[in-house]
Number of protein chains: 4
Amino acid sequence: MATTMKQAAVAPLLTDYMDVRAQTERLCQPLATEDYVVQSMDDVSPTKWHLAHTSWFFETFLLKPHLQSYHEFDEAYAFLFNSYYTQAGERHCRAQRGYISRPTVEQVFAYRHHVDTAMADLVERAADDDAVTALLELGLNHEQQHQELLLTDIKHVFSVNPLRPVYSERVSRPSRATGAGEWLSFDGGLVEIGHGGGGFSYDNETPRHRVFLEPFRLASRLVTNGEYLEFMNDGGYVRPELWLSMGWAEVQAQQLSEPFYWEQRDGEWWIFTLSGMRHVDPYEPVCHVSYFEADAFARWKGARLPAEAEWETAAASLQPDAGNFVEDHAYHPLPADGAGRGLQQMFGDVWEWTRSQYSPYPGYRPAAGAIGEYNGKFMCNQFVLRGGSCATPRSHVRATYRNFFPPESTWQFTGLRLANDQ
Amino acid sequence: MATTMKQAAVAPLLTDYMDVRAQTERLCQPLATEDYVVQSMDDVSPTKWHLAHTSWFFETFLLKPHLQSYHEFDEAYAFLFNSYYTQAGERHCRAQRGYISRPTVEQVFAYRHHVDTAMADLVERAADDDAVTALLELGLNHEQQHQELLLTDIKHVFSVNPLRPVYSERVSRPSRATGAGEWLSFDGGLVEIGHGGGGFSYDNETPRHRVFLEPFRLASRLVTNGEYLEFMNDGGYVRPELWLSMGWAEVQAQQLSEPFYWEQRDGEWWIFTLSGMRHVDPYEPVCHVSYFEADAFARWKGARLPAEAEWETAAASLQPDAGNFVEDHAYHPLPADGAGRGLQQMFGDVWEWTRSQYSPYPGYRPAAGAIGEYNGKFMCNQFVLRGGSCATPRSHVRATYRNFFPPESTWQFTGLRLANDQ
Amino acid sequence: MATTMKQAAVAPLLTDYMDVRAQTERLCQPLATEDYVVQSMDDVSPTKWHLAHTSWFFETFLLKPHLQSYHEFDEAYAFLFNSYYTQAGERHCRAQRGYISRPTVEQVFAYRHHVDTAMADLVERAADDDAVTALLELGLNHEQQHQELLLTDIKHVFSVNPLRPVYSERVSRPSRATGAGEWLSFDGGLVEIGHGGGGFSYDNETPRHRVFLEPFRLASRLVTNGEYLEFMNDGGYVRPELWLSMGWAEVQAQQLSEPFYWEQRDGEWWIFTLSGMRHVDPYEPVCHVSYFEADAFARWKGARLPAEAEWETAAASLQPDAGNFVEDHAYHPLPADGAGRGLQQMFGDVWEWTRSQYSPYPGYRPAAGAIGEYNGKFMCNQFVLRGGSCATPRSHVRATYRNFFPPESTWQFTGLRLANDQ
Amino acid sequence: MATTMKQAAVAPLLTDYMDVRAQTERLCQPLATEDYVVQSMDDVSPTKWHLAHTSWFFETFLLKPHLQSYHEFDEAYAFLFNSYYTQAGERHCRAQRGYISRPTVEQVFAYRHHVDTAMADLVERAADDDAVTALLELGLNHEQQHQELLLTDIKHVFSVNPLRPVYSERVSRPSRATGAGEWLSFDGGLVEIGHGGGGFSYDNETPRHRVFLEPFRLASRLVTNGEYLEFMNDGGYVRPELWLSMGWAEVQAQQLSEPFYWEQRDGEWWIFTLSGMRHVDPYEPVCHVSYFEADAFARWKGARLPAEAEWETAAASLQPDAGNFVEDHAYHPLPADGAGRGLQQMFGDVWEWTRSQYSPYPGYRPAAGAIGEYNGKFMCNQFVLRGGSCATPRSHVRATYRNFFPPESTWQFTGLRLANDQ
């Protein structure tokens, strides 16, 4: 997905399509039928729903408008598997996706394959149609996003089960002691950020535009569990002066005293992972922290979170595919290489909270129609995250990529890197 | 189950056990694996949970205390499948039974069969042990209650699915026009109610005791859909003077205007059943009404609901096994026979709301220990229902049987019969 | 109020009216203007509202229909000061009574006096009209009920204020050590309960009817704080087997560990009263306990709560005006006299929870029209209390009087007396 | 307040203090005692609370640390009247400010005067102390903010009262027809915004810093009721594509179909004002709209809201004291002058929503200690508003002033001005 599809021949287009679709199904292999059904909180969708919704996307935005011969698999699915596209019709209530036992998993896979067959037909017929290839590219990036969600959601589903099922046995790796890291300086000035063409991007990354930055510093690596434990041991969760007002309210209402997925047993800290329960490793990046926790930690450190323009400027010259991504089968962030130099862990491992609230770039125009609902309508009460995670497909991210979640979210692989003024 | 098991030989005891256990599994045959997982509201439990919990009951109250050689199938199950017995240890949160994908359905069936094997062993060893046979009898009655819940719960699960799955195709029956019914008079006086021994009963049916009744009348049959439609058409849902205060609050908060499972399409009334959507049949008993609706209907008719002592007195001489029960495969109440005489539909079809709030009989003593939590601790803010329903096993009810639900409940097969003073 | 008003001459009727109305205003004397405005929880009404609503009752049910010359004080008041009479028109939302600063207290008193003037006129004209005198009697009993509510509500308003204002300085009394009490036996049998005419009663006390009672015992006095402390110290609030299921849910949800208005300071128990904070007196009746607490205490004692018919039968021969009532200015229950014999504290001190859920008596008929909403529509999910409290007007109660509250209520002066089977 | 107090002589400092304090009390003159007590929703504080809290601010941050001879008026007030300063100790729950009848209004005024006397003493002693004069200036600006809140809160209190009390009779003004307005162009480029010293500012206005702006346009006047009615009539509230996702959720959850304080009577639109109910005037600025409504309106118009840097750049050369402020006694926004040229209504009338989420400026440092909680901890899920309103004191605003509210807020005088790219 790293290159644009325009003017591509049929074969590579179809290969891309088949690759992405197959990867989705590959991620499901460890699951029992029952696992596909459960919605363990409102933010989570059942695996079954992800499988169907990504197919619905191709059906709705490509097959129905562009393939005359297409016949719907089941007309009720348009209602069941629309997520939030108000212009694409009525939807089933998001909070009730786990109340739906039918279609069965088998029927959902049949639906996928029905769509795949028709898509193969469409790609052959419309490989020269720029509108179609642009939508196809969007659909594949959309499916990659749901691959990540599928993993983070099944992690949550397993976590609420007292039996604590294992998604994937842990791959043994040589242990790695991460060093203290260092501050790296950047000049700032009048810089350009945003996507400037050449390859796929979401509309929220455009237009490329100028921003003025004061000189700033970035930490060379992510904040670790060990550092976060120091924060906890220094009263991090009982000192309101470290927190945003909403963050402190959350700490009190939820009685928070450690990151999500952590639990204390006999005085030791454990963490739930896709490979089951493990001791907290002090060298691993801290993960599943909210914006509030990231912000409070930074304040405690006398530092701050980076602005998204700072992050992007620093990342612009790095290779986005070097990092710990889903294809590495760790399904968990890994310690930084103690011997590494310069900026480490910018891509992969954990999504990095920035201090930037998610807003339109100057001159931003969402696409017309239902597709325009993809990004723009969420520009409110969310913060931007950068860099991808251990659950992100390697080909999916880039320096200009803007992810976004509400500040209280913790079920994604979210962590932080410190920044500061010079 | 209609006769007591005391002093029974091994063979019939085991036959009873195997029959009841097999019937539970038979009720699951129409289900897909995915159907077993879903909890569509707090009151509903997943099928999988019913299958496991009924086994947990035998394991906890019979096998663990009485079969020395017994080994637990999985020690985590004691936490997962305890319902509400606080004296039997901590429990998984009721509202989150649908968040649990594991154990899988296959594992749950393996658990059942593990318990069944051990139970066969126990029955052989302890057939003369009165304490064991009494608990066995309780366990089988408990399982029969869950058979009914399994059906009412799966009905709800299917109902919230826009695809509206069918549990069982409808069996065609000759149409039946129910007549106007008649008022039947009863003398009252100092009567005895409650269970007096001779066969199984729950503790809440005891002790048998004297009650003074004024003379009263009972309707010869259940209230029908046609009669209920008259109530609706006469403004039943917009006239507060017909309702209890809490009932009217419920009407307004839920914007109620018809019974649960009814819906209007193009001016016609349809009803969701275990055989899918059907036209409302005016001769069928109205069903899935709350106590509030039953009470409001009776008030509108210038009548009232029967007291439980009135109902029991009238039912005492009838055969409890004559009626429309789960073994009749209707899974829905049936019209009264227009040619019938005397009291009709007292047993089966629908549970009949009484005006009696669920209270202990004079001299009531719950059993000691966790088993004592079976009934007594629910004697608050519930109303008594009598007679069983189309989802009840035929051998399960009797004239003294006291079922109970909160007044707002509608997902059980609940209807009403009118009563009045003379 | 202890005798019926039928055929009474004008003068005594008017005297009764003026006495009751003056007593309401007398109860307000300790209040600052600001105190009249506050609604500290949904169950509480502002003092101002009580003053206006009781006047609205006379205006709506007496003056408008029966005094042709009557002019409304302010037509908006009919909306503002109707409590729950759906047949008397739309109402202001109950939970928002504290959002209303106008009419001012002064205007509300002017409204009262406007109504009083008109009532004097009406009484003179219609002293022979039985319908009018019956409604007048009802209106005065209604106002007496609101006198009690006014006190319990202002107690709650003061209690949530960290300044803990004092309503009335405590009157010093000789200290009194209450003895162990004794069990008193009653024969039961076929008895009559309910109001049989001769003086005023609410409709829910009628008709007088026969009930069969097994022999029973009643404790000679109320349960004391000292006894309740033993229950607490014996793990009363951490042993689920002592509680109804709903009660235990309440204990956990509210994290209950002592009665309402109790608080622990430096290891000692204090209680908030209308005379401010005081040490808990072990000889005083325990007060402000819910039905759940009363029931759990009784179970812990190996006893139970009385049925209302038992209580009424035992109380039938006692003088209802002998007791600690509002006129005694204690505004708090008092210890039983250690030297007393027979049944003590049956009237006054605290309302006694019975095990009887609030249901219609056989043959009960509510009055026609809006007045019929007074009692009947609340016969659901409430328990009957008997005997009156230290906040009840002395002339207001009688042996047949049925008060009722939901089982979780604690802001009334509610306590308990033990009962048992023989 | 428009000039800094540093090095000022005692007399003018004290005069400023007395002026601001007197103005607060002047705003209370139309109120009855009861009006001071009510909290009509969580966002609203009782008038009494505003009067006390502003005094608490001087007591806590000036008198206690800086005036040795100071004696607290009542030590309980520190708990009752702290708003959100966690570093200044425990606080009374915000949502329960309306549950507190004491201290009475009279006592609160006595508290104010106690503080005023001590402040006069302090000002005399410490007029040369820069720390004290800076805090004094902050305290007076703080009190001015509460003057505005006092008015917006009492407006809400009156609005929920069916009697709809009037705060101030409307001053008759010549009617004014507002013209179509025009688009004014601005060059953008690398500009400076933020407060650069010279007079008081809040910490959130600092530091002055560079921002790059694309060329932009601003509407010459505010959006009017007439324009907003066109939006409503064109389906503004039923077209999800016009709304942010959270905004649309709000529209559906609250069933919104018009701005707050509007209501339709017999087909005509009315609006609740501090002068009571009035017909909606099509030439007045639309007011009490949420960010969601402002944003949806702009989208419908093919425009957008201004960024705060755009607004500030355009406003920098204007006089901030020319506008409709609280001293003009309109208590409501006024129509733009049809004959006006250039930017109109930038200051006063209504707070203008910007598209900018409330974030720290680059290099922002909150003050140390509890005073640092004034602004910084709210930088999350709020949007910036600019320009002041008809309820703002004239001397209080300036071009750099940043107000902020959550996007769903409507009880402030909030409106909008359109912007667009060039």
# chains A, B, ... in the order shown; residues from 1 in each chain; ligands from 1
$ residues_around --residues "segment 373-380 of chain A" --least-positions-apart "3" --cutoff "8 Å" --atoms "only C-alpha atoms" --output "PyMOL selection string"
(chain A and resi 85+203-204+357-360+366-367+369-370) or (chain D and resi 241+243-246+357+381)
$ write_last_selection --atoms "all heavy atoms" --output "short mmCIF file (atom, residue, chain, number, x, y, z; two decimals), in the first residue's frame"
data_model
loop_
_atom_site.label_atom_id
_atom_site.label_comp_id
_atom_site.auth_asym_id
_atom_site.auth_seq_id
_atom_site.Cartn_x
_atom_site.Cartn_y
_atom_site.Cartn_z
N TYR A 85 -21.61 5.90 8.71
CA TYR A 85 -21.83 6.74 7.52
C TYR A 85 -23.30 7.10 7.41
O TYR A 85 -24.09 6.33 6.89
CB TYR A 85 -21.33 6.01 6.28
CG TYR A 85 -19.85 5.73 6.35
CD1 TYR A 85 -19.36 4.59 6.99
CD2 TYR A 85 -18.93 6.63 5.81
CE1 TYR A 85 -18.00 4.35 7.09
CE2 TYR A 85 -17.56 6.39 5.91
CZ TYR A 85 -17.09 5.25 6.55
OH TYR A 85 -15.75 5.01 6.66
N ASP A 203 -7.62 12.10 3.74
CA ASP A 203 -7.88 13.52 3.51
C ASP A 203 -7.43 14.39 4.69
O ASP A 203 -7.03 15.54 4.51
CB ASP A 203 -9.35 13.78 3.14
CG ASP A 203 -10.34 13.36 4.21
OD1 ASP A 203 -9.91 12.95 5.31
OD2 ASP A 203 -11.56 13.43 3.95
N ASN A 204 -7.45 13.82 5.91
CA ASN A 204 -7.10 14.65 7.07
C ASN A 204 -5.61 15.00 7.15
O ASN A 204 -5.20 15.81 7.97
CB ASN A 204 -7.55 13.97 8.38
CG ASN A 204 -6.83 12.66 8.64
OD1 ASN A 204 -5.97 12.24 7.86
ND2 ASN A 204 -7.19 11.99 9.72
N GLN A 357 -4.74 18.76 19.72
CA GLN A 357 -6.12 18.33 19.56
C GLN A 357 -6.38 18.20 18.06
O GLN A 357 -5.81 18.91 17.24
CB GLN A 357 -7.05 19.32 20.26
CG GLN A 357 -6.69 19.42 21.75
CD GLN A 357 -7.72 20.10 22.63
OE1 GLN A 357 -8.88 19.72 22.60
NE2 GLN A 357 -7.29 21.07 23.39
N TYR A 358 -7.20 17.24 17.73
CA TYR A 358 -7.42 16.86 16.33
C TYR A 358 -8.28 17.92 15.62
O TYR A 358 -9.48 18.01 15.86
CB TYR A 358 -8.09 15.49 16.30
CG TYR A 358 -8.40 14.91 14.95
CD1 TYR A 358 -7.46 14.91 13.92
CD2 TYR A 358 -9.64 14.32 14.72
CE1 TYR A 358 -7.75 14.34 12.69
CE2 TYR A 358 -9.94 13.74 13.50
CZ TYR A 358 -8.99 13.75 12.49
OH TYR A 358 -9.29 13.18 11.28
N SER A 359 -7.65 18.70 14.76
CA SER A 359 -8.32 19.81 14.08
C SER A 359 -8.02 19.77 12.59
O SER A 359 -7.04 19.15 12.18
CB SER A 359 -7.81 21.16 14.63
OG SER A 359 -8.19 21.32 15.97
N PRO A 360 -8.84 20.42 11.80
CA PRO A 360 -8.59 20.45 10.36
C PRO A 360 -7.35 21.28 10.05
O PRO A 360 -7.12 22.33 10.67
CB PRO A 360 -9.84 21.09 9.79
CG PRO A 360 -10.45 21.86 10.91
CD PRO A 360 -10.08 21.13 12.17
N PRO A 366 -12.97 17.97 3.21
CA PRO A 366 -13.31 16.54 3.17
C PRO A 366 -13.84 16.16 1.79
O PRO A 366 -14.33 17.02 1.04
CB PRO A 366 -14.39 16.38 4.23
CG PRO A 366 -14.92 17.74 4.49
CD PRO A 366 -13.88 18.73 4.07
N ALA A 367 -13.73 14.87 1.44
CA ALA A 367 -14.28 14.38 0.18
C ALA A 367 -15.79 14.59 0.17
O ALA A 367 -16.43 14.72 1.21
CB ALA A 367 -13.95 12.90 0.05
N GLY A 369 -19.78 13.52 -0.32
CA GLY A 369 -20.58 12.32 -0.08
C GLY A 369 -20.19 11.60 1.19
O GLY A 369 -19.47 12.13 2.04
N ALA A 370 -20.68 10.36 1.29
CA ALA A 370 -20.50 9.58 2.51
C ALA A 370 -19.03 9.38 2.85
O ALA A 370 -18.64 9.36 4.02
CB ALA A 370 -21.20 8.22 2.38
N GLU D 241 -25.20 15.36 7.66
CA GLU D 241 -23.97 15.69 6.93
C GLU D 241 -23.47 17.09 7.28
O GLU D 241 -22.32 17.44 6.98
CB GLU D 241 -24.18 15.56 5.41
CG GLU D 241 -25.04 16.62 4.77
CD GLU D 241 -26.52 16.30 4.78
OE1 GLU D 241 -26.95 15.43 5.58
OE2 GLU D 241 -27.27 16.93 4.00
N TRP D 243 -23.14 18.18 10.35
CA TRP D 243 -22.72 18.20 11.75
C TRP D 243 -21.47 17.37 12.01
O TRP D 243 -21.25 16.34 11.38
CB TRP D 243 -23.85 17.66 12.64
CG TRP D 243 -25.08 18.50 12.62
CD1 TRP D 243 -26.03 18.53 11.63
CD2 TRP D 243 -25.50 19.47 13.59
NE1 TRP D 243 -27.01 19.44 11.94
CE2 TRP D 243 -26.71 20.03 13.14
CE3 TRP D 243 -24.97 19.91 14.80
CZ2 TRP D 243 -27.40 21.01 13.86
CZ3 TRP D 243 -25.66 20.87 15.53
CH2 TRP D 243 -26.85 21.42 15.05
N LEU D 244 -20.71 17.81 13.00
CA LEU D 244 -19.71 16.94 13.58
C LEU D 244 -20.40 15.72 14.18
O LEU D 244 -21.57 15.81 14.60
CB LEU D 244 -18.94 17.68 14.69
CG LEU D 244 -17.94 18.72 14.20
CD1 LEU D 244 -17.45 19.57 15.36
CD2 LEU D 244 -16.75 18.04 13.52
N SER D 245 -19.69 14.63 14.26
CA SER D 245 -20.29 13.40 14.76
C SER D 245 -20.84 13.58 16.18
O SER D 245 -21.98 13.20 16.47
CB SER D 245 -19.25 12.28 14.74
OG SER D 245 -19.79 11.09 15.19
N MET D 246 -20.06 14.22 17.05
CA MET D 246 -20.54 14.45 18.42
C MET D 246 -21.71 15.42 18.44
O MET D 246 -22.59 15.33 19.29
CB MET D 246 -19.42 15.03 19.29
CG MET D 246 -18.40 14.02 19.74
SD MET D 246 -17.21 14.81 20.89
CE MET D 246 -18.30 15.21 22.30
N GLN D 357 -9.40 24.52 19.13
CA GLN D 357 -9.51 23.84 20.41
C GLN D 357 -8.52 24.51 21.38
O GLN D 357 -7.49 25.00 20.98
CB GLN D 357 -9.27 22.35 20.23
CG GLN D 357 -10.29 21.76 19.23
CD GLN D 357 -10.38 20.26 19.19
OE1 GLN D 357 -10.55 19.63 20.21
NE2 GLN D 357 -10.28 19.70 18.01
N ASN D 381 -10.64 19.34 25.38
CA ASN D 381 -12.06 19.22 25.02
C ASN D 381 -12.86 20.51 25.22
O ASN D 381 -14.02 20.47 25.61
CB ASN D 381 -12.71 18.07 25.81
CG ASN D 381 -12.17 16.71 25.41
OD1 ASN D 381 -11.15 16.61 24.72
ND2 ASN D 381 -12.84 15.66 25.82
#
$ residues_around --residues "Ala296 of chain B" --least-positions-apart "3" --cutoff "9 Å" --atoms "only C-alpha atoms" --output "PyMOL selection string"
chain B and resi 236-237+241-244+247+291-293+299-301+304
$ closest_residue --among "A:Leu318, A:Val38, A:Ala127, A:Ala368" --to "chain D" --atoms "only C-alpha atoms"
A:Ala368
$ closest_residue --among "D:Thr47, D:Gln96, D:Ser101, D:Thr206" --to "chain C" --atoms "only C-alpha atoms"
D:Ser101
$ closest_atom_pairs --of "chain C" --to "chain D" --cutoff "7 Å" --atoms "only C-alpha atoms" --output "CSV"
residue,atom,partner,partner_atom,distance
C:Thr33,CA,D:Glu34,CA,6.9
C:Glu34,CA,D:Ser101,CA,5.1
C:Asp35,CA,D:Ser101,CA,5.0
C:Val37,CA,D:Glu34,CA,6.5
C:Val38,CA,D:Tyr99,CA,5.7
C:Gln39,CA,D:Tyr99,CA,6.4
C:Ser40,CA,D:Tyr99,CA,5.1
C:Gly98,CA,D:Val38,CA,6.8
C:Tyr99,CA,D:Ser40,CA,5.1
C:Ile100,CA,D:Asn161,CA,5.5
C:Ser101,CA,D:Asp35,CA,5.1
C:Thr104,CA,D:Glu34,CA,6.3
C:Val157,CA,D:Tyr99,CA,6.8
C:Asn161,CA,D:Ile100,CA,5.5
$ write_last_selection --atoms "N, CA, C and O atoms" --output "compact mmCIF listing (two decimals), in the first residue's frame"
# COMPACT_ATOMS: atom_id res chain seq x y z
N THR C 33 -35.33 32.27 55.34
CA THR C 33 -35.95 32.28 54.01
C THR C 33 -35.27 31.30 53.07
O THR C 33 -35.93 30.57 52.32
N GLU C 34 -33.95 31.25 53.11
CA GLU C 34 -33.21 30.38 52.20
C GLU C 34 -33.54 28.91 52.42
O GLU C 34 -33.49 28.11 51.47
N ASP C 35 -33.85 28.53 53.66
CA ASP C 35 -34.14 27.13 53.96
C ASP C 35 -35.38 26.62 53.23
O ASP C 35 -35.52 25.42 53.00
N VAL C 37 -36.22 26.95 50.25
CA VAL C 37 -36.06 26.84 48.80
C VAL C 37 -35.47 25.50 48.36
O VAL C 37 -35.71 25.03 47.25
N VAL C 38 -34.70 24.88 49.25
CA VAL C 38 -33.80 23.80 48.84
C VAL C 38 -34.49 22.43 48.74
O VAL C 38 -35.29 22.07 49.60
N GLN C 39 -34.15 21.70 47.69
CA GLN C 39 -34.53 20.29 47.53
C GLN C 39 -33.24 19.48 47.48
O GLN C 39 -32.54 19.46 46.48
N SER C 40 -32.94 18.80 48.58
CA SER C 40 -31.62 18.18 48.71
C SER C 40 -31.53 16.79 48.09
O SER C 40 -30.45 16.22 47.99
N GLY C 98 -36.63 22.19 43.51
CA GLY C 98 -35.61 23.07 44.09
C GLY C 98 -35.03 24.05 43.09
O GLY C 98 -34.13 24.83 43.43
N TYR C 99 -35.51 24.02 41.85
CA TYR C 99 -35.00 24.94 40.83
C TYR C 99 -35.84 26.22 40.76
O TYR C 99 -35.59 27.08 39.93
N ILE C 100 -36.82 26.29 41.61
CA ILE C 100 -37.83 27.34 41.50
C ILE C 100 -37.67 28.33 42.64
O ILE C 100 -37.99 28.02 43.79
N SER C 101 -37.17 29.50 42.33
CA SER C 101 -37.00 30.50 43.40
C SER C 101 -38.27 31.32 43.62
O SER C 101 -38.50 31.82 44.72
N THR C 104 -41.84 33.70 45.83
CA THR C 104 -41.04 33.83 47.03
C THR C 104 -41.80 33.27 48.24
O THR C 104 -43.00 33.00 48.16
N VAL C 157 -32.31 18.39 54.38
CA VAL C 157 -31.69 19.60 53.83
C VAL C 157 -30.55 20.07 54.75
O VAL C 157 -29.45 20.39 54.29
N ASN C 161 -25.73 19.93 54.53
CA ASN C 161 -24.99 21.18 54.66
C ASN C 161 -23.84 20.97 55.65
O ASN C 161 -24.08 20.61 56.81
$ atom_distance --atom1 "atom CA of Ala315 of chain D" --atom2 "atom CA of Ala399 of chain D"
5.7 Å
$ select_by_dssp --residues "segment 154-386 of chain A" --states "strand (DSSP E or B)" --output "MDAnalysis selection string"
chainID A and resid 183:186 189:193 209:213 216:219 224 262:265 268:273 276:279 285 304 324 348 351:357 383:386
$ atom_distance --atom1 "atom CA of Gly372 of chain C" --atom2 "atom CA of Gln87 of chain C"
9.5 Å
$ select_by_dssp --residues "segment 284-330 of chain C" --states "alpha helix (DSSP H)" --output "ChimeraX atom specification"
/C:291-300,308-315
$ write_last_selection --atoms "N, CA and C atoms" --output "PDB file, in the first residue's frame"
ATOM      1  N   TYR C 291     -36.127  -0.741  55.157  1.00  0.00           N
ATOM      2  CA  TYR C 291     -36.733  -2.064  55.337  1.00  0.00           C
ATOM      3  C   TYR C 291     -35.663  -3.130  55.277  1.00  0.00           C
ATOM      4  N   PHE C 292     -34.701  -2.943  54.379  1.00  0.00           N
ATOM      5  CA  PHE C 292     -33.650  -3.943  54.222  1.00  0.00           C
ATOM      6  C   PHE C 292     -32.842  -4.113  55.514  1.00  0.00           C
ATOM      7  N   GLU C 293     -32.545  -2.997  56.136  1.00  0.00           N
ATOM      8  CA  GLU C 293     -31.790  -3.057  57.388  1.00  0.00           C
ATOM      9  C   GLU C 293     -32.627  -3.673  58.506  1.00  0.00           C
ATOM     10  N   ALA C 294     -33.897  -3.265  58.577  1.00  0.00           N
ATOM     11  CA  ALA C 294     -34.784  -3.804  59.605  1.00  0.00           C
ATOM     12  C   ALA C 294     -34.912  -5.319  59.455  1.00  0.00           C
ATOM     13  N   ASP C 295     -35.098  -5.744  58.216  1.00  0.00           N
ATOM     14  CA  ASP C 295     -35.270  -7.169  57.923  1.00  0.00           C
ATOM     15  C   ASP C 295     -33.992  -7.949  58.233  1.00  0.00           C
ATOM     16  N   ALA C 296     -32.833  -7.379  57.888  1.00  0.00           N
ATOM     17  CA  ALA C 296     -31.559  -8.069  58.136  1.00  0.00           C
ATOM     18  C   ALA C 296     -31.294  -8.170  59.639  1.00  0.00           C
ATOM     19  N   PHE C 297     -31.612  -7.097  60.344  1.00  0.00           N
ATOM     20  CA  PHE C 297     -31.432  -7.128  61.800  1.00  0.00           C
ATOM     21  C   PHE C 297     -32.285  -8.238  62.413  1.00  0.00           C
ATOM     22  N   ALA C 298     -33.544  -8.290  61.984  1.00  0.00           N
ATOM     23  CA  ALA C 298     -34.458  -9.299  62.549  1.00  0.00           C
ATOM     24  C   ALA C 298     -33.950 -10.697  62.248  1.00  0.00           C
ATOM     25  N   ARG C 299     -33.464 -10.915  61.042  1.00  0.00           N
ATOM     26  CA  ARG C 299     -32.947 -12.243  60.684  1.00  0.00           C
ATOM     27  C   ARG C 299     -31.744 -12.592  61.556  1.00  0.00           C
ATOM     28  N   TRP C 300     -30.888 -11.599  61.749  1.00  0.00           N
ATOM     29  CA  TRP C 300     -29.720 -11.812  62.610  1.00  0.00           C
ATOM     30  C   TRP C 300     -30.127 -12.223  64.023  1.00  0.00           C
ATOM     31  N   GLU C 308     -48.545  -6.730  59.125  1.00  0.00           N
ATOM     32  CA  GLU C 308     -49.330  -5.570  59.563  1.00  0.00           C
ATOM     33  C   GLU C 308     -50.579  -5.981  60.337  1.00  0.00           C
ATOM     34  N   ALA C 309     -51.141  -7.124  59.982  1.00  0.00           N
ATOM     35  CA  ALA C 309     -52.347  -7.574  60.709  1.00  0.00           C
ATOM     36  C   ALA C 309     -52.003  -7.948  62.151  1.00  0.00           C
ATOM     37  N   GLU C 310     -50.818  -8.495  62.350  1.00  0.00           N
ATOM     38  CA  GLU C 310     -50.385  -8.793  63.719  1.00  0.00           C
ATOM     39  C   GLU C 310     -50.235  -7.496  64.520  1.00  0.00           C
ATOM     40  N   TRP C 311     -49.568  -6.543  63.921  1.00  0.00           N
ATOM     41  CA  TRP C 311     -49.345  -5.277  64.610  1.00  0.00           C
ATOM     42  C   TRP C 311     -50.681  -4.625  64.977  1.00  0.00           C
ATOM     43  N   GLU C 312     -51.589  -4.594  64.012  1.00  0.00           N
ATOM     44  CA  GLU C 312     -52.866  -3.911  64.227  1.00  0.00           C
ATOM     45  C   GLU C 312     -53.697  -4.606  65.293  1.00  0.00           C
ATOM     46  N   THR C 313     -53.668  -5.921  65.252  1.00  0.00           N
ATOM     47  CA  THR C 313     -54.401  -6.679  66.264  1.00  0.00           C
ATOM     48  C   THR C 313     -53.876  -6.370  67.667  1.00  0.00           C
ATOM     49  N   ALA C 314     -52.547  -6.325  67.776  1.00  0.00           N
ATOM     50  CA  ALA C 314     -51.949  -6.045  69.087  1.00  0.00           C
ATOM     51  C   ALA C 314     -52.210  -4.610  69.538  1.00  0.00           C
ATOM     52  N   ALA C 315     -52.294  -3.698  68.576  1.00  0.00           N
ATOM     53  CA  ALA C 315     -52.425  -2.271  68.911  1.00  0.00           C
ATOM     54  C   ALA C 315     -53.856  -1.845  69.135  1.00  0.00           C
TER      55      ALA C 315
END
$ closest_residue --among "A:Leu385, A:Gly188, A:His279, A:Asp349" --to "Gly267 of chain A" --atoms "only C-alpha atoms"
A:His279
